Structure formats: structure tokens, C-alpha cells
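S.K.: Before anything else, here's the structure in question.
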Number of protein chains: 2
Amino acid sequence: MKRVTIYDISEILNISPSTVSRALNDSPSVKTKTKEKIIEVAKQLNYFHNKTASRLKTGKNNTVGIIVPYINHSIFSAIIQVIEEILAPLGYIILICQTYEKTVNEIKHIQSLLTNQVECIFVSVTMETINYDHFKKVTSAGIPLIFFDRKADIENVSSVILNDFKSAYKATEHLIEQGCKRIAHFKGNQNLEIYRNRYDGYLKALKDYKIPVDPDLIISCKSSIEEGKRAFNELYNANISLDAIFSPNDHAILGAYQEIKNYNIKVPEEIALVGFSNEIFTKYIEIPITTVFQNPELMGTKAAKFFLEQTNKETTDITHKNEIIEGTLLVRASSKKR
Amino acid sequence: MKRVTIYDISEILNISPSTVSRALNDSPSVKTKTKEKIIEVAKQLNYFHNKTASRLKTGKNNTVGIIVPYINHSIFSAIIQVIEEILAPLGYIILICQTYEKTVNEIKHIQSLLTNQVECIFVSVTMETINYDHFKKVTSAGIPLIFFDRKADIENVSSVILNDFKSAYKATEHLIEQGCKRIAHFKGNQNLEIYRNRYDGYLKALKDYKIPVDPDLIISCKSSIEEGKRAFNELYNANISLDAIFSPNDHAILGAYQEIKNYNIKVPEEIALVGFSNEIFTKYIEIPITTVFQNPELMGTKAAKFFLEQTNKETTDITHKNEIIEGTLLVRASSKKR
DNA sequence: TTGTACGCGTTATCAA
DNA sequence: TTGATAACGCGTACAA
């Protein structure tokens, strides 16, 4: 099926294509009467503007790309939601890509977005990524690169991340204040800055309150219900005494909770629980779980704003902003011992 | 910043742009040696392919659009996830748009996707939409239009939806089998086919089991926790006796549950609850809620497959498929009386 | 195996 | 206010 072009319209009306183009762009230098005629015919022919051609000509693309590990994970979908909400009304098109935590996919998507001439790339890096060359390609092409939630440590980029260290510190401190002394930690993938920071926040709080760090209480654990079950069972079967668990994600703490319930151990009296992310189930579970609210809406808003500020600036030199958002500890029944 | 083009490469190497183009497209008719030289220089110049130009030239766009009410609602994000998973490896770019349940946004996005020359549009229509002219523009432009979860009743489209009627019937039947006789229904927005069908399924089950339909038990309710609370309180304050609630969404049943708990009414003994959608919290709540699993992964997969079948077909005539997926009733504690 | 020449659909520039 | 023309960057038929 042949698409209708401005030439088709111009031929029918016996006017030049340039006038048609002007009319359809609502240029003031076209007589209202001609404009009306043109729009009328365009409608009749079911014409629609070819943005591809217009992009090529003008160089203005009105497109941004977002790369996340999984778009259906609550924090990412919330952030994408907000970015779309802000940019779509301004005429931007949003391209989305998923990495599934694989660096190869990240590289492919960066490449693809560059060839698509996007005006900005928003990224939350994978757990795997240790080499940042693909990101450098973006900045050296002069395209704004904005990290959210998880960032790569490179020059000339903007970022909006959570104060993971402080949030984890507050979470651990809270457990200590509840009287807990044997606080286990489900240590996340240390490739990721966020998990390193959450781990460090945990360690620092223990140190500040002069609670010895027991390596037996620190167990590597991925972000899933199954992993949380496994991690708790390892501790349980090894007969390691503990009175609290701080998990850097909610899924693992949910898994642990289910096992704890199986063993008829009381929460929070015998074991207090704190998670991270404010997943919706933490609020509605039998014993609501204390967790850290990351404010993804604010993250998305800031990220979008950073882009708009950069792109609207007349000057060519790009300014970079790195913002750290404070997390909010939501204290719920799973940790309230006092 | 001026972007690097194949002309820049061709000048440096003193070869024609066409050879550069061929080399970069890995054409077999370019000597390996020249190819290598070209790729080398391209790398040095940080060249990347301009898909906009190539699209204009070839007419092949490799882009699809997805329009949903909210991308962060679990069913939609799950479906988008799967569509991306299937199409991205094939080289497709995914454009996403949110309507926020507003027809005006739907119209704007359809228009925008058309001007973006997408090869296919996947849509889940808003609750508001009653006029389908904007969808007809898509089909008359010869672009595949594929509905998922919620469809518009028009010609020449494909769709993948749930058997909402049967799922609601099964849900209601299950309550009846548990001995419930006064089953309330949180009637959803009847603009939406899915809510009409769920309502009809409820009515049909009552009828088949010869249980009188009591209008007092049918109360309009939107999909939110607050609305569920309101709806339950209306029933409660009006002193209407009931022994079960079937809600066509999980959020409202959660709201109702919270109020029921406040009143110290026993679930499921005094009131049995059934929701719809298998939101994650239904599984982990204190009393797990019986609900209908919609299998969004399957919906997304089918939708993507429909597109691929159409687009890979050599013939120009488009075939349309309308698939109805069966829901699965997940029976949990909130309705198990026997 | 490589080069020449043109066109995809639009818009910007200049002239009328 | 409108028209003619060139150009955006690429791909391809055709020629060499």
C-alpha cells in the first residue's frame, strides 16, 4: 500500500509541495483559505505526516530511549511511567529496552538507540556490567546519558540515585534501636553499587553502635523469594542464632518470612525483619514488613527534568547533575518490638 | 556537534560512499580488505548508522507501538515485557504510550504512532473510549492493529483477550459451591467489555444455580483499594446481608478485606472473597485471596506472534485472528469454606 | 569488486 | 503568499 505524500496533495490542488508542507505545519505565511483547502484534501486522502522524512531533514528527532533490566519490576515500571508522563506531552516518543541483567543486551540496546538517533538515553545498568565503554560511546557522541537507580561510574553523565548507604544505615539502626544484636544481612550482588552501599550501610551502623560484625550472619542472596528461603534455611540449619534480618530487597525477606512462619518462629519478637523497596506486598502481608521507600516517582521526575534542562539550554556545553535521593524507612509490624 | 556520515568515511579512504554503505551492511560484494579498512575508520570516527535515513530510503521501519492505560499496572507491564522480549531480538524497536484511561490521549498517541510510521500498533483501550474512528484510521492505513486484554469492536483487527465471562462464571460458581447464597458484586465500568463480561458471568452463574439476583448486592465500584472500602461500607451500613463478594479486580477486594478485618468479620467463614487478576499481594496477604489468573505472558506472546505472522506473510491480504484465552481460578483461603 | 546517479518525503532557502 | 530547488544520509539499480 502506497502511502500518501504531500506531493499527492499538491498535485490534486495544483499547488507546490512546499506550500502544502507549510500549510500542514500551520505556517503563518500561508493564506487561511489555501490552508483550509490543503487540510481538507489531506483528511480526505487519509494523509499522515511522515516523521521519518521530517527527522532526516530537520535533524530534530524528539525521541528518547530508556534501558532497564526488566520493565515489569515495580521500581522500573514506576520510573518509566513518570518519564513518559512528563515527556510525552512535550512531543517526545519513548523507546524502551530490556537488558535482563545482561551486559550484551545493554551494549546492543545502546548501539540501537544511537542508530535511532535518540536525543537522550536513560539507563539503569545491569548487575553484570563492569566495563563501561558502551556508555562512553554515548557521551562522546554528545548525547545526554542519564542514570537512574543504578549508575555507572563515568564522566560526563547525570544521575539520580537513592542514598542506599544511608537508607541501609537507618534500617539497621532501627533494628538496633529495637534491641536487636544479632542482625543477619542478605548480601546482594556486589557488582552493583546499590548493593555495595546497602551492605556498607549495614556494616557502618553495626560499627557505630559497637556491635561486632559476625561473618556467619552475612549471607549472599539474590533478589527472589526462593533465594530468601534458601538463605534463611542456611542460617537456620547451621544453628546460627539471630534476632533480625536486614535484606537489601523485599523479595528475599518475603521468602525468609515464609520459612520463619513454617518454623513457627515469631515475628518480630524472635526475629525482626526489614526489607528494601516497598514492594506492594510488604504492606498487605499478614505481618506488614518494614522496608525502605525509594520514591521512584521522584527519581523519574528528576531524571526527566535533567534531560529537559540540558536540552533546552541554548549553550552547547552540557551540564551534569548527580542527585541523591533520600530513602524513607517505613516502619511496620515486622520490626516493631517496642 | 556534526554527526559522522558515510561520506566522511568515503572521503578519508578515497572510495565511494556506496562502497562504504555496502561494507557497513556487510554486503558480500565488498572485498574483505576494503571492508576491514572501512569498519576500522568507522570505529575511529565513532560513526554510527543513521537509521532515520535508512528508514526513509528502504521504507522498512522496524518499529512497533504499544498503547496502554498505565504501563506500571501489573498486567500491562507484564504484557509489554513479553512483547519486548519477543520483538527486540528480531530488531524491532518498541515505542510505548500511556493513555491514563483518557480517549484524547489514545487519539493523540495513535496519530503520533502513525506519523512515526510504526509497523504495528498494540492497544489496550481506555475505559472511556466509545468512538473508534481513530482505530479505523490505523486499519485503513493498512497497519496491523492488535488489541490485548481490552478490545474495540471493529473490523480488520486482531485481538487476544481473556474469557472474562467464563472466568467470572467460574469464580461465582466456586462461591456457590462453597455454599454462598448472598454474593455481592463490585460492578466495574460498563463501558469496558471486560467488566461487562465479568458482570454477565456473575449473573449467569446465579441464574444457572437458581439464586435470585438481588440489586442491593450489586454495587458500582472502581478498581482501587479506596473504592473497595467505600463499596463494602455502603453494603455494611445499609445492613445488607451477604456471605460473599466477587470483585472483577483485586484492588477493590483488598480494600473490602481491610474493612472486613476492621469489623472483625471472619473470612471466609462469614464472608468469602474472590478477586480478579492475580495481583501479587493476593498471594502474600494474611488470608490469601482467591483470584483469576489472566496469564498476561500468554496474551503478550500471542499478540506478538499475530504481528509476526501478518508481517512475514508474503501475500498482501492481512489475516486477522481473535483469540480468547481461558483464565485460571486460583482458589485460596479467602473462599475455602469446605 | 567498485563507482555513478538518483530518490525516499520532507523542509529550508531563495527568488518571484 | 507561493514556487523552485536543494539537501538531510542512506541504499540500490545500473554501469564500469
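By order of appearance in the C-alpha cells: chains A, B, ..., then residues from 1 within every chain, and ligands from 1 in the order shown.
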Select residues of chain B: the criterion is any atom within 12 Å of an atom of chain C, counting only C-alpha atoms (C1' of nucleotides); output as an MDAnalysis selection string.
M.R.: chainID B and resid 10 14:23 27:35 52:60
S.K.: I need the contact residues of chain B against chain A, so if you could list those with any atom within 8 Å, counting only C-alpha atoms, and return them as a PyMOL selection string, that would help.
M.R.: chain B and resi 1+3+46+48-53+55-56+70-72+74+77-78+80-81+84-85+88+93-98+114-117+137+141-142+280-281+284-287
S.K.: Provide the CA of Leu192 (chain A) to CA of Ile130 (chain A) distance in Å, to one decimal place.
M.R.: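 Distance reported for this atom pair: 9.1 Å.
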S.K.: Need the shell around Ala168 (chain B): protein/DNA/RNA residues with any atom at most 10 Å away, counting only C-alpha atoms (C1' of nucleotides). Skip same-chain ones fewer than 6 positions apart. Format as a list in words?
M.R.: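 Within the cut-off, the hits are His174, Tyr195, Asn197, Arg198, Tyr199, Asp200, Gly201, Tyr202, Leu203, Lys204, Ala205, Phe246, Ser247, Pro248, Val274, Gly275, Phe276, Thr291, Val292, Gly327 and Leu329 of chain B.
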S.K.: Enumerate as a PyMOL selection string all residues of region 77-298 of chain B assigned to helix (DSSP H, G or I) by DSSP on the backbone, naming them with the chain letters and numbers the document uses.
M.R.: chain B and resi 77-90+103-115+133-140+164-177+193-208+215-217+225-237+250-262+280-284+296-298
S.K.: In Å to one decimal, how far is CA of Val160 (chain B) from CA of Ser124 (chain B)?
M.R.: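 Between CA of Ser124 (chain B) and CA of Val160 (chain B) the gap is 10.0 Å.
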S.K.: At a cut-off of 10 Å, which residues of chain D touch chain B? Count only C-alpha atoms (C1' of nucleotides) and give the answer as a ChimeraX atom specification.
M.R.: /D:8-12
S.K.: Mind checking which residues fall within 10 Å of Glu323 (chain A), counting only C-alpha atoms (C1' of nucleotides), ignoring those fewer than 4 positions away in the same chain, and posting them as a ChimeraX atom specification?
M.R.: /A:148,158-163,299,302-303,306
S.K.: Taking 4 positions as the minimum chain separation for residues in the same chain, which residues sit within 10 Å of Glu269 (chain A) when counting only C-alpha atoms (C1' of nucleotides)? Answer as a tab-separated table (two decimals) with all heavy atoms, in the first residue's frame.
M.R.:
chain	number	residue	atom	x	y	z
A	180	CYS	N	17.79	-5.37	68.80
A	180	CYS	CA	18.40	-6.50	68.09
A	180	CYS	C	19.93	-6.40	68.16
A	180	CYS	O	20.50	-5.31	68.05
A	180	CYS	CB	17.96	-6.52	66.63
A	180	CYS	SG	16.17	-6.66	66.45
A	243	ASP	N	18.51	-12.44	65.70
A	243	ASP	CA	17.26	-11.85	66.17
A	243	ASP	C	16.70	-10.85	65.17
A	243	ASP	O	15.71	-10.16	65.45
A	243	ASP	CB	17.44	-11.21	67.55
A	243	ASP	CG	18.60	-10.23	67.59
A	243	ASP	OD1	19.05	-9.80	66.50
A	243	ASP	OD2	19.08	-9.92	68.70
A	244	ALA	N	17.36	-10.74	64.01
A	244	ALA	CA	16.85	-9.84	62.97
A	244	ALA	C	17.50	-10.16	61.64
A	244	ALA	O	18.56	-10.77	61.58
A	244	ALA	CB	17.13	-8.39	63.34
A	265	ILE	N	8.37	-19.52	64.16
A	265	ILE	CA	9.18	-18.52	64.86
A	265	ILE	C	8.39	-17.22	64.80
A	265	ILE	O	7.78	-16.90	63.79
A	265	ILE	CB	10.54	-18.35	64.18
A	265	ILE	CG1	11.29	-19.69	64.21
A	265	ILE	CG2	11.36	-17.25	64.83
A	265	ILE	CD1	12.55	-19.71	63.37
A	334	SER	N	6.68	-5.84	61.29
A	334	SER	CA	7.72	-6.87	61.26
A	334	SER	C	8.96	-6.52	62.07
A	334	SER	O	9.82	-7.37	62.28
A	334	SER	CB	8.12	-7.17	59.82
A	334	SER	OG	8.95	-6.14	59.33
A	335	SER	N	9.07	-5.27	62.48
A	335	SER	CA	10.28	-4.88	63.23
A	335	SER	C	9.96	-4.11	64.50
A	335	SER	O	10.86	-3.68	65.19
A	335	SER	CB	11.18	-4.03	62.33
A	335	SER	OG	10.56	-2.78	62.08
A	336	LYS	N	8.68	-3.94	64.79
A	336	LYS	CA	8.32	-3.14	65.97
A	336	LYS	C	8.31	-4.01	67.22
A	336	LYS	O	7.32	-4.66	67.53
A	336	LYS	CB	6.94	-2.50	65.78
A	336	LYS	CG	7.02	-1.06	65.27
A	336	LYS	CD	5.68	-0.40	65.34
A	336	LYS	CE	5.16	-0.03	63.96
A	336	LYS	NZ	3.81	0.42	63.89
A	337	LYS	N	9.41	-3.96	67.97
A	337	LYS	CA	9.49	-4.77	69.18
A	337	LYS	C	9.15	-3.93	70.41
A	337	LYS	O	8.91	-4.46	71.48
A	337	LYS	CB	10.88	-5.36	69.31
A	337	LYS	CG	11.22	-6.32	68.17
A	337	LYS	CD	12.60	-6.87	68.29
A	337	LYS	CE	12.65	-8.04	69.25
A	337	LYS	NZ	13.89	-8.82	69.06
A	338	ARG	N	9.20	-2.63	70.25
A	338	ARG	CA	8.96	-1.79	71.45
A	338	ARG	C	7.67	-1.00	71.27
A	338	ARG	O	7.43	-0.43	70.24
A	338	ARG	CB	10.12	-0.79	71.58
A	338	ARG	CG	11.47	-1.49	71.54
A	338	ARG	CD	12.38	-0.96	72.61
A	338	ARG	NE	13.25	-2.03	73.06
A	338	ARG	CZ	14.56	-1.87	73.27
A	338	ARG	NH1	15.13	-0.72	73.07
A	338	ARG	NH2	15.27	-2.89	73.72
S.K.: In Å, how far is it from CA of Asn264 (chain B) to CA of Gln178 (chain A)?
M.R.: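 A separation of 29.6 Å between them.
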